[in-house]
Amino acid sequence: MSWSRVSAADVEPQAWKNQGGTTRELLAWPHAHDWALRISVARVERDGPFSAFPGVHRWLAVIGGAGLRLFDWPQSLGDEPLRFDGGLAPAAELIKGETEVFNVMERRGNLDVQSASHVLLPRTPWVGLFTVEGGLLEHGHRAMPLAPLTLAWCEAPAVQSCVFTGPDVTGSHAWWLTWSGE
């Protein structure tokens, strides 16, 4: 089983079309122009609407800063990712200045996002782990260190147990993502 990884520190930020922030795209899978999953880290720099993505399910979790409000719900560091319809283009209101977020967009499938240090990988076409603070991903008889703000993923993983350990082992800053494609 072969894992890939990318750290936000290795990706140049791209400005949003509305100039409200920047994005560091970690993955557009399986193809950049026809993705089923798109995962990024973004910096929200000012209040304003998110871009509309009709037909896309989105998850957003605050990973730095004081947080923001979407749909009148405050989102802060440590909150579970908020899932919402990407076609709604909610207005974001910063709570106290710039905020960093983990952003997941999915279409044409079924994505499960969960906080956990340990997972038994099911039969699936794609699985990933995103960590805010870094740590160690153990799979099979191998271990892979992960830097802060890193996404590790595997296509067609073997059914096996995986363990993530690190400063964010409580799960409040690390999320497993499993895409079933159904």
# chains A, B, ... in the order shown; residues from 1 in each chain; ligands from 1

$ residues_around --residues "His118 in chain A" --least-positions-apart "3" --cutoff "10 Å" --atoms "only C-alpha atoms" --output "VMD selection string"
chain A and resid 115 121 137 to 138 161 to 165 169 171 176

$ write_last_selection --atoms "C-alpha atoms" --output "short mmCIF file (atom, residue, chain, number, x, y, z; two decimals), in the first residue's frame"
data_model
loop_
_atom_site.label_atom_id
_atom_site.label_comp_id
_atom_site.auth_asym_id
_atom_site.auth_seq_id
_atom_site.Cartn_x
_atom_site.Cartn_y
_atom_site.Cartn_z
CA SER A 115 -11.93 12.65 14.12
CA LEU A 121 -9.57 1.04 6.63
CA LEU A 137 0.91 7.68 10.67
CA GLU A 138 1.42 3.94 11.20
CA SER A 161 -5.61 -0.91 10.81
CA CYS A 162 -4.02 2.56 10.77
CA VAL A 163 -2.97 4.59 13.80
CA PHE A 164 -2.16 8.29 13.97
CA THR A 165 -0.23 9.66 16.96
CA VAL A 169 -4.04 12.65 18.83
CA GLY A 171 -8.76 14.01 17.09
CA TRP A 176 -9.70 10.75 8.56
#

$ closest_atom_pairs --of "range 83-146 of chain A" --to "range 30-33 of chain A" --cutoff "12 Å" --atoms "only C-alpha atoms" --output "Markdown table"
| residue | atom | partner | partner_atom | distance |
| --- | --- | --- | --- | --- |
| A:Glu106 | CA | A:Pro30 | CA | 11.4 |
| A:Arg107 | CA | A:Pro30 | CA | 11.6 |
| A:Arg108 | CA | A:Pro30 | CA | 11.5 |
| A:Pro125 | CA | A:Pro30 | CA | 10.4 |
| A:Trp126 | CA | A:Pro30 | CA | 9.6 |

$ select_by_dssp --residues "range 21-102 of chain A" --states "strand (DSSP E or B)" --output "compact mmCIF listing (two decimals) with N, CA and C atoms, in the first residue's frame"
# COMPACT_ATOMS: atom_id res chain seq x y z
N GLY A 21 -9.42 36.08 0.30
CA GLY A 21 -8.48 35.20 0.97
C GLY A 21 -7.61 34.46 -0.02
N THR A 22 -6.93 33.44 0.47
CA THR A 22 -6.05 32.62 -0.38
C THR A 22 -6.29 31.14 -0.07
N THR A 23 -5.92 30.31 -1.02
CA THR A 23 -6.07 28.87 -0.89
C THR A 23 -4.76 28.18 -1.24
N ARG A 24 -4.44 27.15 -0.48
CA ARG A 24 -3.33 26.25 -0.80
C ARG A 24 -3.98 24.89 -1.10
N GLU A 25 -4.10 24.57 -2.38
CA GLU A 25 -4.74 23.32 -2.77
C GLU A 25 -3.79 22.16 -2.52
N LEU A 26 -4.23 21.23 -1.67
CA LEU A 26 -3.43 20.06 -1.35
C LEU A 26 -3.69 18.91 -2.31
N LEU A 27 -4.94 18.80 -2.78
CA LEU A 27 -5.28 17.68 -3.65
C LEU A 27 -6.55 17.99 -4.43
N ALA A 28 -6.53 17.66 -5.71
CA ALA A 28 -7.73 17.61 -6.56
C ALA A 28 -7.67 16.21 -7.18
N TRP A 29 -8.57 15.33 -6.74
CA TRP A 29 -8.50 13.92 -7.09
C TRP A 29 -9.75 13.44 -7.78
N LEU A 37 -12.85 14.86 -5.37
CA LEU A 37 -12.45 15.43 -4.08
C LEU A 37 -11.48 16.58 -4.30
N ARG A 38 -11.68 17.63 -3.57
CA ARG A 38 -10.74 18.75 -3.60
C ARG A 38 -10.50 19.15 -2.15
N ILE A 39 -9.23 19.14 -1.74
CA ILE A 39 -8.88 19.39 -0.35
C ILE A 39 -7.87 20.53 -0.31
N SER A 40 -8.12 21.49 0.58
CA SER A 40 -7.24 22.65 0.65
C SER A 40 -7.19 23.21 2.07
N VAL A 41 -6.22 24.10 2.25
CA VAL A 41 -6.11 24.92 3.44
C VAL A 41 -6.26 26.35 2.95
N ALA A 42 -7.14 27.10 3.58
CA ALA A 42 -7.41 28.47 3.11
C ALA A 42 -7.25 29.47 4.25
N ARG A 43 -6.91 30.68 3.86
CA ARG A 43 -6.87 31.81 4.80
C ARG A 43 -7.99 32.75 4.40
N VAL A 44 -8.94 32.92 5.31
CA VAL A 44 -10.05 33.86 5.11
C VAL A 44 -9.58 35.19 5.67
N GLY A 48 -17.20 38.10 3.73
CA GLY A 48 -17.73 38.04 2.37
C GLY A 48 -18.26 36.66 2.04
N PRO A 49 -18.89 36.54 0.89
CA PRO A 49 -19.48 35.25 0.50
C PRO A 49 -18.44 34.26 0.01
N HIS A 57 -20.67 18.91 -2.01
CA HIS A 57 -20.77 18.89 -0.55
C HIS A 57 -19.48 19.45 -0.01
N ARG A 58 -19.60 20.31 1.02
CA ARG A 58 -18.40 20.92 1.58
C ARG A 58 -18.30 20.66 3.07
N TRP A 59 -17.05 20.60 3.56
CA TRP A 59 -16.75 20.53 4.98
C TRP A 59 -15.74 21.63 5.25
N LEU A 60 -15.89 22.31 6.38
CA LEU A 60 -14.98 23.38 6.76
C LEU A 60 -14.69 23.26 8.25
N ALA A 61 -13.41 23.33 8.61
CA ALA A 61 -13.01 23.32 10.02
C ALA A 61 -11.97 24.41 10.24
N VAL A 62 -12.11 25.16 11.30
CA VAL A 62 -11.15 26.20 11.66
C VAL A 62 -9.89 25.53 12.21
N ILE A 63 -8.74 25.93 11.66
CA ILE A 63 -7.46 25.35 12.11
C ILE A 63 -6.50 26.43 12.61
N GLY A 64 -6.90 27.70 12.57
CA GLY A 64 -6.07 28.79 13.08
C GLY A 64 -6.87 30.08 13.14
N LEU A 68 -14.85 31.96 12.51
CA LEU A 68 -15.78 32.71 11.65
C LEU A 68 -17.19 32.18 11.84
N ARG A 69 -18.14 32.93 11.28
CA ARG A 69 -19.54 32.51 11.29
C ARG A 69 -19.96 32.17 9.87
N LEU A 70 -20.59 31.02 9.73
CA LEU A 70 -21.23 30.62 8.47
C LEU A 70 -22.66 30.25 8.81
N TRP A 73 -23.74 30.32 12.33
CA TRP A 73 -23.13 29.39 13.27
C TRP A 73 -21.67 29.76 13.44
N PRO A 74 -21.25 30.02 14.67
CA PRO A 74 -19.82 30.27 14.88
C PRO A 74 -19.02 28.98 14.76
N GLN A 75 -17.90 29.05 14.09
CA GLN A 75 -16.96 27.93 13.94
C GLN A 75 -15.64 28.38 14.55
N LEU A 82 -17.82 21.56 9.79
CA LEU A 82 -19.20 21.88 9.44
C LEU A 82 -19.44 21.41 8.01
N ARG A 83 -20.48 20.59 7.81
CA ARG A 83 -20.83 20.14 6.46
C ARG A 83 -21.98 21.00 5.95
N PHE A 84 -21.86 21.43 4.67
CA PHE A 84 -22.93 22.25 4.09
C PHE A 84 -22.96 22.08 2.57
N ASP A 85 -24.04 22.52 1.99
CA ASP A 85 -24.26 22.47 0.54
C ASP A 85 -23.41 23.56 -0.11
N ALA A 91 -22.32 33.48 3.40
CA ALA A 91 -21.49 34.63 3.78
C ALA A 91 -20.66 34.23 4.99
N ALA A 92 -19.40 34.58 4.96
CA ALA A 92 -18.50 34.32 6.09
C ALA A 92 -18.25 35.63 6.82
N GLU A 93 -18.37 35.58 8.13
CA GLU A 93 -18.09 36.75 8.96
C GLU A 93 -16.99 36.37 9.93
N LEU A 94 -15.85 37.02 9.82
CA LEU A 94 -14.73 36.74 10.71
C LEU A 94 -15.06 37.17 12.14
N THR A 99 -8.56 34.07 9.61
CA THR A 99 -8.77 32.72 10.12
C THR A 99 -8.34 31.71 9.07
N GLU A 100 -7.64 30.66 9.51
CA GLU A 100 -7.27 29.58 8.60
C GLU A 100 -8.27 28.44 8.74
N VAL A 101 -8.62 27.83 7.60
CA VAL A 101 -9.59 26.74 7.60
C VAL A 101 -9.09 25.56 6.77
N PHE A 102 -9.53 24.39 7.15
CA PHE A 102 -9.37 23.16 6.38
C PHE A 102 -10.66 23.03 5.59

$ closest_residue --among "A:Gly78, A:Gly134, A:Gly67, A:Gly109" --to "Thr150 in chain A" --atoms "only C-alpha atoms"
A:Gly134

$ closest_residue --among "A:Asn110, A:Ser76, A:Thr124, A:Ser4" --to "Ala152 in chain A" --atoms "only C-alpha atoms"
A:Ser4

$ closest_residue --among "A:Trp153, A:Trp179, A:Phe71, A:Trp16" --to "Arg46 in chain A" --atoms "only C-alpha atoms"
A:Trp16
